[in-house]
Amino acid sequence: MKSIKNHVMFILPLLAILLGIESFMVFGRVTASYGENLKEAYTILVVTRKPMDTQTFHQIDPHIERAVPVERAAIVDQITEGMTNVTTQEILEVLPRFYTLHLNRYLDSAGVEAIKKHLIRHPDVRRVETFGRAHNANYNLYMLIRTALWAFVGFMIFSSLFLVLKQMEIWQLEHKERMLVMEILGASGMLRSGVLFRIALTDALVAAVATIGLFAFLRYYWAVHSKIDLLIQKRALLFEYQDIAVLLGVSVVIILVSVVFVAHNLKEVRDA
């Protein structure tokens with residue numbers, strides 16, 4: 001019973017670490033997708049004196065990915081409505097050109113303001129509208145959510161790693177006699193700690209498989225049956241096959257670091 005409890009006390013914090021890491025990766029993919037959607041939805045409106053193309057705008061600022069001309073026919077129709085002595089061609093000759101600019105990535109307020117300054121300096125640009133208030137609100141919310149989750153995941157990983165190390169020390173004390181015998185026989189520190197590594201590796205694999213199973217369940221079953229359109233559309237972000245390698249690799253690294261840490265502390269105690 002005590003042995004089962006010790007295993008559970010090791011698996012739970014390690015499981016928390018892996019859940020935090022997988023949540024971090026999932027959130028990274030979700031925020032990247034959200035940022036891509038914001039980038040596509042956000043545009044800068046530019047009024048120019050003469051026709052300009054995407055290449056010209058890109059030369060003004062490399063963050064400008066493409067320029068889409070605004071159809072002027074609808075604007076002319078609104079201007080000439082009710083007017084009988086002015087032709088459409090006359091209006092088109094004096095009417096400036098309008099473009100919506102799309103960026104290559106979602107920038108913060110300072111980045112958008114820098115683009116505006118670059119555009120204003122161009123002699124053929126008459127006016128630039130960046131819709132700063134709406135952009136600032138969306139970007140601040142985006143950064144707040146990302147920072148809050150990163151802070152939470154970081155704290156959870158740090159505290160769980162501390163518990164993993166403590167449990168490793170408990171196992172070291174339980175196998176103290178065996179390790180002392182091996183020390184007398186001339187075994188190295190890492191060889192004496194081999195028993196700790198074997199026990200911890202088994203539990204690490206259990207924690208990794210449990211984490212993989214949970215997120216695979218979220219992607220392939222829960223998201224599909226949630227009837228939430230957003231989850232159904234983005235369910236591929238909840239779990240990717242390369243996550244398996246990451247979780248298994250992280251588990252092994254944590255175990256190796258923990259065993260080395262405990263072995264090093266034990267050596268320092270002996271030397272003292």
# chains A, B, ... in the order shown; residues from 1 in each chain; ligands from 1
call {"tool": "residues_around", "arguments": {"residues": "A:Asp243", "least_positions_apart": "6", "cutoff": "10 Å", "atoms": "only C-alpha atoms", "output": "list in words"}}
result
Ile21, Glu22, Met25, Val26, Ile212, Phe215 and Gly249 of chain A
call {"tool": "write_last_selection", "arguments": {"atoms": "C-alpha atoms", "output": "short mmCIF file (atom, residue, chain, number, x, y, z; two decimals), in the first residue's frame"}}
result
data_model
loop_
_atom_site.label_atom_id
_atom_site.label_comp_id
_atom_site.auth_asym_id
_atom_site.auth_seq_id
_atom_site.Cartn_x
_atom_site.Cartn_y
_atom_site.Cartn_z
CA ILE A 21 3.49 21.44 -21.11
CA GLU A 22 0.79 20.00 -23.39
CA MET A 25 1.67 23.71 -26.69
CA VAL A 26 -2.07 23.62 -27.35
CA ILE A 212 -1.44 11.58 -24.37
CA PHE A 215 -5.64 15.06 -25.07
CA GLY A 249 11.14 13.22 -24.28
#
call {"tool": "closest_residue", "arguments": {"among": "A:Ala207, A:Ile157, A:Met52, A:Val47", "to": "A:Leu95", "atoms": "only C-alpha atoms"}}
result
A:Val47
call {"tool": "atom_distance", "arguments": {"atom1": "atom CA of A:Gly35", "atom2": "atom CA of A:Leu103"}}
result
11.7 Å
call {"tool": "atom_distance", "arguments": {"atom1": "atom CA of A:Ala208", "atom2": "atom CA of A:Ser251"}}
result
6.9 Å
call {"tool": "closest_residue", "arguments": {"among": "A:Leu205, A:Val8, A:Ile17, A:Val259", "to": "A:Ser160", "atoms": "only C-alpha atoms"}}
result
A:Ile17
call {"tool": "closest_residue", "arguments": {"among": "A:Tyr34, A:Leu237, A:Ala223, A:Leu218", "to": "A:Leu141", "atoms": "only C-alpha atoms"}}
result
A:Tyr34
call {"tool": "residues_around", "arguments": {"residues": "A:Gly213", "least_positions_apart": "2", "cutoff": "12 Å", "atoms": "only C-alpha atoms", "output": "list in words"}}
result
Leu15, Leu18, Leu19, Glu22, Leu205, Val206, Ala207, Ala208, Val209, Ala210, Thr211, Phe215, Ala216, Phe217, Leu218, Arg219, Tyr220, Tyr221, Leu238, Phe239, Glu240, Tyr241, Asp243, Ile244 and Leu247 of chain A
call {"tool": "write_last_selection", "arguments": {"atoms": "C-alpha atoms", "output": "PDB file, in the first residue's frame"}}
result
ATOM      1  CA  LEU A  15       1.349  14.368 -14.674  1.00  0.00           C
ATOM      2  CA  LEU A  18       3.113  17.096 -18.642  1.00  0.00           C
ATOM      3  CA  LEU A  19      -0.422  18.492 -18.621  1.00  0.00           C
ATOM      4  CA  GLU A  22       0.790  19.999 -23.389  1.00  0.00           C
ATOM      5  CA  LEU A 205       5.775   6.499 -18.918  1.00  0.00           C
ATOM      6  CA  VAL A 206       2.473   6.062 -17.070  1.00  0.00           C
ATOM      7  CA  ALA A 207       2.125   9.841 -16.693  1.00  0.00           C
ATOM      8  CA  ALA A 208       3.045  10.435 -20.355  1.00  0.00           C
ATOM      9  CA  VAL A 209       0.574   7.825 -21.639  1.00  0.00           C
ATOM     10  CA  ALA A 210      -2.162   9.271 -19.419  1.00  0.00           C
ATOM     11  CA  THR A 211      -1.513  12.788 -20.758  1.00  0.00           C
ATOM     12  CA  PHE A 215      -5.638  15.058 -25.068  1.00  0.00           C
ATOM     13  CA  ALA A 216      -6.280  12.433 -27.761  1.00  0.00           C
ATOM     14  CA  PHE A 217      -9.702  11.905 -26.152  1.00  0.00           C
ATOM     15  CA  LEU A 218     -10.330  15.658 -26.210  1.00  0.00           C
ATOM     16  CA  ARG A 219      -9.510  15.840 -29.913  1.00  0.00           C
ATOM     17  CA  TYR A 220     -11.098  12.694 -31.294  1.00  0.00           C
ATOM     18  CA  TYR A 221     -14.163  12.345 -29.062  1.00  0.00           C
ATOM     19  CA  LEU A 238      -5.950  20.052 -29.334  1.00  0.00           C
ATOM     20  CA  PHE A 239      -3.494  17.261 -30.089  1.00  0.00           C
ATOM     21  CA  GLU A 240      -0.852  16.580 -32.746  1.00  0.00           C
ATOM     22  CA  TYR A 241       1.211  13.438 -33.245  1.00  0.00           C
ATOM     23  CA  ASP A 243       3.206  15.944 -29.089  1.00  0.00           C
ATOM     24  CA  ILE A 244       3.802  12.263 -28.262  1.00  0.00           C
ATOM     25  CA  LEU A 247       5.872  14.430 -23.863  1.00  0.00           C
TER      26      LEU A 247
END
call {"tool": "residues_around", "arguments": {"residues": "A:Thr56", "least_positions_apart": "3", "cutoff": "12 Å", "atoms": "only C-alpha atoms", "output": "ChimeraX atom specification"}}
result
/A:48,50-53,59-62,64-67,101,119,122,124-125
call {"tool": "atom_distance", "arguments": {"atom1": "atom CA of A:Thr130", "atom2": "atom CA of A:Glu113"}}
result
8.0 Å
call {"tool": "closest_residue", "arguments": {"among": "A:Trp222, A:Ile255, A:Lys39, A:Ile228", "to": "A:Asp203", "atoms": "only C-alpha atoms"}}
result
A:Ile255
